[in-house]
Each structure stands twice: as structure tokens, then as C-alpha cells.
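Content type PDB, C-alpha atoms, from the file coords07.pdb:
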```pdb
ATOM      1  CA  MET W  11       0.000   0.000   0.000  1.00  0.00           C
ATOM      2  CA  SER W  12       1.353   3.427  -0.932  1.00  0.00           C
ATOM      3  CA  ALA W  13       1.883   6.211   1.593  1.00  0.00           C
ATOM      4  CA  GLU W  14      -0.834   8.202  -0.168  1.00  0.00           C
ATOM      5  CA  VAL W  15      -3.436   5.450   0.256  1.00  0.00           C
ATOM      6  CA  ALA W  16      -2.339   4.844   3.855  1.00  0.00           C
ATOM      7  CA  ALA W  17      -2.861   8.562   4.500  1.00  0.00           C
ATOM      8  CA  VAL W  18      -6.390   8.386   3.067  1.00  0.00           C
ATOM      9  CA  ASN W  19      -7.146   5.335   5.229  1.00  0.00           C
ATOM     10  CA  ALA W  20      -5.786   7.147   8.310  1.00  0.00           C
ATOM     11  CA  LEU W  21      -8.237  10.052   8.018  1.00  0.00           C
ATOM     12  CA  SER W  22     -10.865  10.242  10.755  1.00  0.00           C
ATOM     13  CA  ALA W  23     -14.456   9.549   9.661  1.00  0.00           C
ATOM     14  CA  GLU W  24     -15.175  13.290   9.621  1.00  0.00           C
ATOM     15  CA  GLN W  25     -12.008  14.139   7.674  1.00  0.00           C
ATOM     16  CA  PHE W  26     -12.667  11.337   5.210  1.00  0.00           C
ATOM     17  CA  ALA W  27     -16.284  12.445   4.661  1.00  0.00           C
ATOM     18  CA  ALA W  28     -15.113  16.022   4.035  1.00  0.00           C
ATOM     19  CA  ALA W  29     -12.446  14.801   1.591  1.00  0.00           C
ATOM     20  CA  MET W  30     -15.004  12.655  -0.253  1.00  0.00           C
ATOM     21  CA  ARG W  31     -17.488  15.562  -0.330  1.00  0.00           C
ATOM     22  CA  ASP W  32     -14.837  17.527  -2.228  1.00  0.00           C
ATOM     23  CA  CYS W  33     -14.944  14.767  -4.848  1.00  0.00           C
ATOM     24  CA  CYS W  34     -18.706  14.140  -5.001  1.00  0.00           C
ATOM     25  CA  THR W  35     -21.537  15.588  -2.916  1.00  0.00           C
ATOM     26  CA  SER W  36     -23.848  12.567  -3.009  1.00  0.00           C
ATOM     27  CA  SER W  37     -24.447  11.567   0.625  1.00  0.00           C
ATOM     28  CA  ARG W  38     -25.022   7.909  -0.220  1.00  0.00           C
ATOM     29  CA  TRP W  39     -21.829   7.813  -2.290  1.00  0.00           C
ATOM     30  CA  ILE W  40     -19.852   9.301   0.615  1.00  0.00           C
ATOM     31  CA  GLU W  41     -21.393   6.774   3.025  1.00  0.00           C
ATOM     32  CA  GLY W  42     -20.529   3.935   0.644  1.00  0.00           C
ATOM     33  CA  MET W  43     -16.950   5.135   0.349  1.00  0.00           C
ATOM     34  CA  GLN W  44     -16.743   5.303   4.147  1.00  0.00           C
ATOM     35  CA  ARG W  45     -17.890   1.664   4.400  1.00  0.00           C
ATOM     36  CA  ALA W  46     -15.433   0.577   1.671  1.00  0.00           C
ATOM     37  CA  ARG W  47     -12.383   1.544   3.747  1.00  0.00           C
ATOM     38  CA  PRO W  48      -9.637   0.523   4.187  1.00  0.00           C
ATOM     39  CA  PHE W  49      -8.381   0.739   0.622  1.00  0.00           C
ATOM     40  CA  GLN W  50      -5.504  -1.356  -0.660  1.00  0.00           C
ATOM     41  CA  SER W  51      -4.429   0.901  -3.534  1.00  0.00           C
ATOM     42  CA  SER W  52      -5.402   3.948  -5.544  1.00  0.00           C
ATOM     43  CA  GLN W  53      -6.923   1.572  -8.085  1.00  0.00           C
ATOM     44  CA  HIS W  54      -9.008   0.034  -5.285  1.00  0.00           C
ATOM     45  CA  ILE W  55     -10.266   3.516  -4.341  1.00  0.00           C
ATOM     46  CA  GLN W  56     -11.266   4.175  -7.959  1.00  0.00           C
ATOM     47  CA  GLU W  57     -12.923   0.753  -8.333  1.00  0.00           C
ATOM     48  CA  GLU W  58     -14.948   1.218  -5.156  1.00  0.00           C
ATOM     49  CA  ALA W  59     -15.925   4.754  -6.178  1.00  0.00           C
ATOM     50  CA  SER W  60     -17.186   3.471  -9.537  1.00  0.00           C
ATOM     51  CA  ARG W  61     -18.960   0.469  -8.015  1.00  0.00           C
ATOM     52  CA  ILE W  62     -20.744   2.613  -5.421  1.00  0.00           C
ATOM     53  CA  TRP W  63     -21.668   5.284  -7.987  1.00  0.00           C
ATOM     54  CA  ALA W  64     -23.125   2.622 -10.319  1.00  0.00           C
ATOM     55  CA  GLY W  65     -25.399   1.414  -7.510  1.00  0.00           C
ATOM     56  CA  LEU W  66     -26.975   4.799  -6.840  1.00  0.00           C
ATOM     57  CA  ASP W  67     -30.226   6.183  -8.197  1.00  0.00           C
ATOM     58  CA  GLU W  68     -31.460   9.393  -9.788  1.00  0.00           C
ATOM     59  CA  ALA W  69     -31.979  11.199  -6.471  1.00  0.00           C
ATOM     60  CA  ASP W  70     -28.326  10.544  -5.578  1.00  0.00           C
ATOM     61  CA  PHE W  71     -27.165  11.753  -8.987  1.00  0.00           C
ATOM     62  CA  LEU W  72     -29.196  14.940  -8.653  1.00  0.00           C
ATOM     63  CA  GLU W  73     -27.718  15.544  -5.194  1.00  0.00           C
ATOM     64  CA  ALA W  74     -24.224  15.246  -6.693  1.00  0.00           C
ATOM     65  CA  PHE W  75     -25.107  17.549  -9.603  1.00  0.00           C
ATOM     66  CA  ARG W  76     -26.197  20.254  -7.160  1.00  0.00           C
ATOM     67  CA  GLY W  77     -22.623  20.269  -5.861  1.00  0.00           C
ATOM     68  CA  HIS W  78     -21.388  21.906  -9.083  1.00  0.00           C
ATOM     69  CA  PRO W  79     -21.438  25.465 -10.377  1.00  0.00           C
ATOM     70  CA  LYS W  80     -22.798  25.902 -13.881  1.00  0.00           C
ATOM     71  CA  ILE W  81     -20.138  25.665 -16.575  1.00  0.00           C
ATOM     72  CA  GLY W  82     -18.964  29.191 -17.321  1.00  0.00           C
ATOM     73  CA  ASP W  83     -20.924  30.766 -14.441  1.00  0.00           C
ATOM     74  CA  LEU W  84     -18.119  32.691 -12.777  1.00  0.00           C
ATOM     75  CA  ASP W  85     -20.453  34.555 -10.382  1.00  0.00           C
ATOM     76  CA  SER W  86     -21.796  31.266  -8.987  1.00  0.00           C
ATOM     77  CA  LEU W  87     -18.250  29.966  -8.716  1.00  0.00           C
ATOM     78  CA  ARG W  88     -17.245  33.016  -6.653  1.00  0.00           C
ATOM     79  CA  THR W  89     -20.232  33.002  -4.293  1.00  0.00           C
ATOM     80  CA  LYS W  90     -22.029  29.677  -3.819  1.00  0.00           C
ATOM     81  CA  PHE W  91     -18.914  27.560  -4.399  1.00  0.00           C
ATOM     82  CA  ARG W  92     -16.319  29.788  -2.725  1.00  0.00           C
ATOM     83  CA  ALA W  93     -14.708  26.853  -0.857  1.00  0.00           C
ATOM     84  CA  GLN W  94     -14.354  24.844  -4.080  1.00  0.00           C
ATOM     85  CA  ALA W  95     -13.630  27.790  -6.391  1.00  0.00           C
ATOM     86  CA  ALA W  96      -9.973  26.948  -7.060  1.00  0.00           C
ATOM     87  CA  LYS W  97     -10.731  23.297  -7.872  1.00  0.00           C
ATOM     88  CA  CYS W  98     -13.716  24.130 -10.085  1.00  0.00           C
ATOM     89  CA  ALA W  99     -11.863  26.974 -11.810  1.00  0.00           C
ATOM     90  CA  ALA W 100      -8.990  24.608 -12.596  1.00  0.00           C
ATOM     91  CA  GLU W 101     -11.425  22.034 -13.989  1.00  0.00           C
ATOM     92  CA  GLN W 102     -13.122  24.680 -16.137  1.00  0.00           C
ATOM     93  CA  ALA W 103      -9.863  26.395 -17.125  1.00  0.00           C
ATOM     94  CA  GLY W 104     -10.388  25.540 -20.782  1.00  0.00           C
ATOM     95  CA  SER W 105     -13.426  27.795 -20.821  1.00  0.00           C
ATOM     96  CA  LEU W 106     -11.169  30.697 -19.799  1.00  0.00           C
ATOM     97  CA  GLU W 107      -8.362  30.153 -22.326  1.00  0.00           C
ATOM     98  CA  ALA W 108      -9.557  32.277 -25.228  1.00  0.00           C
ATOM     99  CA  PRO W 109      -9.340  35.857 -26.452  1.00  0.00           C
ATOM    100  CA  ASP W 110     -11.598  38.210 -24.462  1.00  0.00           C
ATOM    101  CA  ILE W 111     -14.206  38.627 -27.213  1.00  0.00           C
ATOM    102  CA  VAL W 112     -14.469  34.867 -27.786  1.00  0.00           C
ATOM    103  CA  LEU W 113     -14.644  34.297 -24.041  1.00  0.00           C
ATOM    104  CA  LYS W 114     -17.424  36.887 -23.650  1.00  0.00           C
ATOM    105  CA  VAL W 115     -19.496  35.403 -26.485  1.00  0.00           C
ATOM    106  CA  SER W 116     -18.869  31.829 -25.297  1.00  0.00           C
ATOM    107  CA  ASN W 117     -19.794  32.609 -21.691  1.00  0.00           C
ATOM    108  CA  GLU W 118     -22.962  34.418 -22.775  1.00  0.00           C
ATOM    109  CA  ALA W 119     -23.937  31.427 -24.929  1.00  0.00           C
ATOM    110  CA  LEU W 120     -23.018  28.998 -22.147  1.00  0.00           C
ATOM    111  CA  GLN W 121     -25.214  30.920 -19.718  1.00  0.00           C
ATOM    112  CA  ARG W 122     -28.142  31.062 -22.168  1.00  0.00           C
ATOM    113  CA  TYR W 123     -27.966  27.351 -23.024  1.00  0.00           C
ATOM    114  CA  ASN W 124     -27.278  26.398 -19.387  1.00  0.00           C
ATOM    115  CA  ASP W 125     -30.544  28.105 -18.452  1.00  0.00           C
ATOM    116  CA  GLU W 126     -32.388  26.330 -21.262  1.00  0.00           C
ATOM    117  CA  TYR W 127     -30.853  22.992 -20.240  1.00  0.00           C
ATOM    118  CA  GLU W 128     -31.801  23.432 -16.580  1.00  0.00           C
ATOM    119  CA  LYS W 129     -35.394  24.339 -17.506  1.00  0.00           C
ATOM    120  CA  ARG W 130     -35.649  21.325 -19.814  1.00  0.00           C
ATOM    121  CA  PHE W 131     -34.110  18.694 -17.537  1.00  0.00           C
ATOM    122  CA  GLY W 132     -34.449  20.109 -14.013  1.00  0.00           C
ATOM    123  CA  PHE W 133     -30.722  20.014 -13.220  1.00  0.00           C
ATOM    124  CA  ILE W 134     -27.583  21.768 -14.414  1.00  0.00           C
ATOM    125  CA  PHE W 135     -25.467  20.635 -17.349  1.00  0.00           C
ATOM    126  CA  ILE W 136     -22.740  18.292 -16.125  1.00  0.00           C
ATOM    127  CA  ILE W 137     -19.634  17.659 -18.203  1.00  0.00           C
ATOM    128  CA  CYS W 138     -16.118  16.658 -17.268  1.00  0.00           C
ATOM    129  CA  ALA W 139     -14.634  20.011 -18.256  1.00  0.00           C
ATOM    130  CA  GLN W 140     -10.990  19.103 -17.679  1.00  0.00           C
ATOM    131  CA  GLY W 141      -9.039  20.305 -20.702  1.00  0.00           C
ATOM    132  CA  LYS W 142     -12.102  21.225 -22.765  1.00  0.00           C
ATOM    133  CA  PRO W 143     -12.293  24.714 -24.291  1.00  0.00           C
ATOM    134  CA  ALA W 144     -15.520  26.700 -23.919  1.00  0.00           C
ATOM    135  CA  ALA W 145     -16.490  26.130 -27.544  1.00  0.00           C
ATOM    136  CA  GLU W 146     -16.312  22.350 -27.136  1.00  0.00           C
ATOM    137  CA  MET W 147     -18.382  22.432 -23.931  1.00  0.00           C
ATOM    138  CA  LEU W 148     -20.903  24.692 -25.645  1.00  0.00           C
ATOM    139  CA  GLY W 149     -21.136  22.204 -28.530  1.00  0.00           C
ATOM    140  CA  TRP W 150     -21.835  19.343 -26.118  1.00  0.00           C
ATOM    141  CA  LEU W 151     -24.371  21.451 -24.213  1.00  0.00           C
ATOM    142  CA  VAL W 152     -26.316  22.316 -27.368  1.00  0.00           C
ATOM    143  CA  ALA W 153     -26.151  18.730 -28.670  1.00  0.00           C
ATOM    144  CA  ARG W 154     -27.334  17.238 -25.387  1.00  0.00           C
ATOM    145  CA  LEU W 155     -30.402  19.500 -25.330  1.00  0.00           C
ATOM    146  CA  ALA W 156     -31.872  17.116 -27.936  1.00  0.00           C
ATOM    147  CA  ASN W 157     -31.798  14.186 -25.491  1.00  0.00           C
ATOM    148  CA  ASP W 158     -34.720  12.955 -23.433  1.00  0.00           C
ATOM    149  CA  ARG W 159     -34.421  13.280 -19.648  1.00  0.00           C
ATOM    150  CA  ALA W 160     -33.581   9.602 -18.993  1.00  0.00           C
ATOM    151  CA  THR W 161     -30.747   9.673 -21.523  1.00  0.00           C
ATOM    152  CA  GLU W 162     -29.464  12.932 -20.118  1.00  0.00           C
ATOM    153  CA  ILE W 163     -29.477  11.621 -16.526  1.00  0.00           C
ATOM    154  CA  ARG W 164     -27.355   8.678 -17.706  1.00  0.00           C
ATOM    155  CA  ILE W 165     -24.911  10.911 -19.593  1.00  0.00           C
ATOM    156  CA  ALA W 166     -24.646  13.440 -16.749  1.00  0.00           C
ATOM    157  CA  ALA W 167     -24.107  10.605 -14.240  1.00  0.00           C
ATOM    158  CA  ALA W 168     -21.298   9.210 -16.414  1.00  0.00           C
ATOM    159  CA  GLU W 169     -19.725  12.678 -16.622  1.00  0.00           C
ATOM    160  CA  GLN W 170     -20.023  13.012 -12.830  1.00  0.00           C
ATOM    161  CA  GLY W 171     -18.231   9.677 -12.538  1.00  0.00           C
ATOM    162  CA  LYS W 172     -15.337  11.052 -14.623  1.00  0.00           C
ATOM    163  CA  ILE W 173     -15.188  14.217 -12.513  1.00  0.00           C
ATOM    164  CA  THR W 174     -15.177  12.187  -9.310  1.00  0.00           C
ATOM    165  CA  ALA W 175     -12.408   9.912 -10.610  1.00  0.00           C
ATOM    166  CA  LEU W 176     -10.209  12.906 -11.456  1.00  0.00           C
ATOM    167  CA  ARG W 177     -10.848  14.498  -8.082  1.00  0.00           C
ATOM    168  CA  LEU W 178     -10.094  11.248  -6.253  1.00  0.00           C
ATOM    169  CA  GLN W 179      -6.860  10.896  -8.194  1.00  0.00           C
ATOM    170  CA  LYS W 180      -5.817  14.412  -7.168  1.00  0.00           C
ATOM    171  CA  LEU W 181      -6.908  13.842  -3.564  1.00  0.00           C
ATOM    172  CA  VAL W 182      -4.859  10.668  -3.192  1.00  0.00           C
ATOM    173  CA  ALA W 183      -1.815  12.195  -4.889  1.00  0.00           C
ATOM    174  CA  ALA W 184      -1.915  15.196  -2.523  1.00  0.00           C
ATOM    175  CA  ARG W 185      -2.398  13.222   0.712  1.00  0.00           C
ATOM    176  CA  PRO W 186       1.149  12.920   2.126  1.00  0.00           C
ATOM    177  CA  ALA W 187       1.825  16.606   1.505  1.00  0.00           C
ATOM    178  CA  SER W 188      -1.276  17.574   3.445  1.00  0.00           C
ATOM    179  CA  LEU W 189      -0.587  15.474   6.561  1.00  0.00           C
TER     180      LEU W 189
END
```
Please lay out the structure from this file as C-alpha cells.
Amino acid sequence: MSAEVAAVNALSAEQFAAAMRDCCTSSRWIEGMQRARPFQSSQHIQEEASRIWAGLDEADFLEAFRGHPKIGDLDSLRTKFRAQAAKCAAEQAGSLEAPDIVLKVSNEALQRYNDEYEKRFGFIFIICAQGKPAAEMLGWLVARLANDRATEIRIAAAEQGKITALRLQKLVAARPASL
């Protein structure tokens, strides 16, 4: 077992729950991860995270989705998600890497289509934004508006799974430094 995984296993229940909440805000997922300890490896952490996520239902997915700011919504990122702003900003960095005029137009379009998406499906657009420029995320957002709700729940849940996996990877890698 690596020092990083040992450090994750050594967290108190409260510390572990807080660390998991930074990865995914679904209460049942966090509880499942708590029960899955101790972990043998980083791969074991990822396998358990995926297994637990796959066993959850729509209410759990929606709870996790509410733990995200809207893509491109910098005001929400600054206020509602202040504690997670740096992590979310890093994940959405691609949406900020463009000339000012392109960024302004893209963010306005993202906001408009985000609103349309939320009205249509009842939850915010979820995409694993890591490394994706704003134009690509906008393309996915517009394309996914054509889906029915059941399809979109499945896609958003899969995207949440990718986000969680990336966050877990970063969490485990940072553990010894944070002890």
C-alpha cells in the first residue's frame, strides 16, 4: 500500500467524509466510500468509487449535480462555491483560455444554453470540463439538449463519474503533503 493510500485510510471519519465531499456531494456515495475503507491501492479507491456510484439512483445523482457550479458561471463559482472555487476553476480552465471577445461570447452562450438545459431537464449541465475549451463544452451542451431526460441523466451521471475519478486521483496524490 502506498503512503498516499495509507494517509487516506488514516483520516478520521469526519475528515474522510469532508475529503469525499470535495470529490462528489452525493451523501449515499460518501457513506458507501466510508464503508469501503480501508483501501488497498489507488486503483481500489477508484474501483470502489465506480462500483458505489453505479449502484446509486437518480436522487443521488441529482444531489451530486447540485454540488457543481454551472459551466462558465463565474459569479456562482465566486459566491455559492467559494470553498471549491480553485478546484472548479482549474477544472473549467479551458473555458477561460480564449481571447476576451471569444470568451465573452462563449460565456454568454453557455449561460443562455445552461438556463435552457436546466429548464428542460431540471438540473444543471454536467460535463467533465478538464481540458475542454468553452467552444467544445458549448457544442456538447447544445447537442445534449436534444436528449430525453432519462438519456441525459445517464450521460450526466457518467460525466459526474469522470469528474469524481479525477478528483479522487488528485486527492490521493496530494495526501502525504497535506498530513
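Residues matched by the PyMOL selection byres ((chain W and resi 37) around 12) in this file are Ala27, Ala28, Met30, Arg31, Asp32, Cys33, Cys34, Thr35, Ser36, Arg38, Trp39, Ile40, Glu41, Gly42, Met43, Gln44, Ile62, Trp63, Leu66, Asp67, Ala69, Asp70, Phe71, Leu72, Glu73, Ala74, Phe75, Arg76 and Gly77 of chain W.
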Discussion item. Once the PyMOL selection byres ((chain W and resi 131) around 9) is applied to the coordinates I shared, what remains selected? I want it as a PyMOL selection string.
Written reply: chain W and resi 126-130+132-135+155+158-159+162-163
Mind telling me what the PyMOL selection byres ((chain W and resi 137-139) around 7) catches here, as a short mmCIF file (atom, residue, chain, number, x, y, z; two decimals) with C-alpha atoms, in the coordinates of the input?
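Result went into out05.cif, see below:
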```cif
data_model
loop_
_atom_site.label_atom_id
_atom_site.label_comp_id
_atom_site.auth_asym_id
_atom_site.auth_seq_id
_atom_site.Cartn_x
_atom_site.Cartn_y
_atom_site.Cartn_z
CA GLU W 101 -11.42 22.03 -13.99
CA GLN W 102 -13.12 24.68 -16.14
CA PHE W 135 -25.47 20.64 -17.35
CA ILE W 136 -22.74 18.29 -16.12
CA GLN W 140 -10.99 19.10 -17.68
CA GLY W 141 -9.04 20.30 -20.70
CA LYS W 142 -12.10 21.22 -22.76
CA ALA W 166 -24.65 13.44 -16.75
CA GLU W 169 -19.73 12.68 -16.62
CA GLN W 170 -20.02 13.01 -12.83
CA LYS W 172 -15.34 11.05 -14.62
CA ILE W 173 -15.19 14.22 -12.51
#
```
Item to complete: Rank nothing, just name the residue among W:Gln50, W:Glu24, W:Gln56, W:Ile165 nearest to Trp150 of chain W, using only C-alpha atoms.
Response: W:Ile165
Worksheet item: Between atom CA of Lys180 of chain W and atom CA of Ser60 of chain W, what is the spacing in Å?
Response: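 Between these atoms lies a distance of 16.0 Å.
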Fill in: Straight-line distance linking atom CA of Leu120 of chain W with atom CA of Arg177 of chain W, stated in Å to one decimal
23.6 Å
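For the pair atom CA of Val182 of chain W and atom CA of Val18 of chain W, the separation is 6.8 Å.
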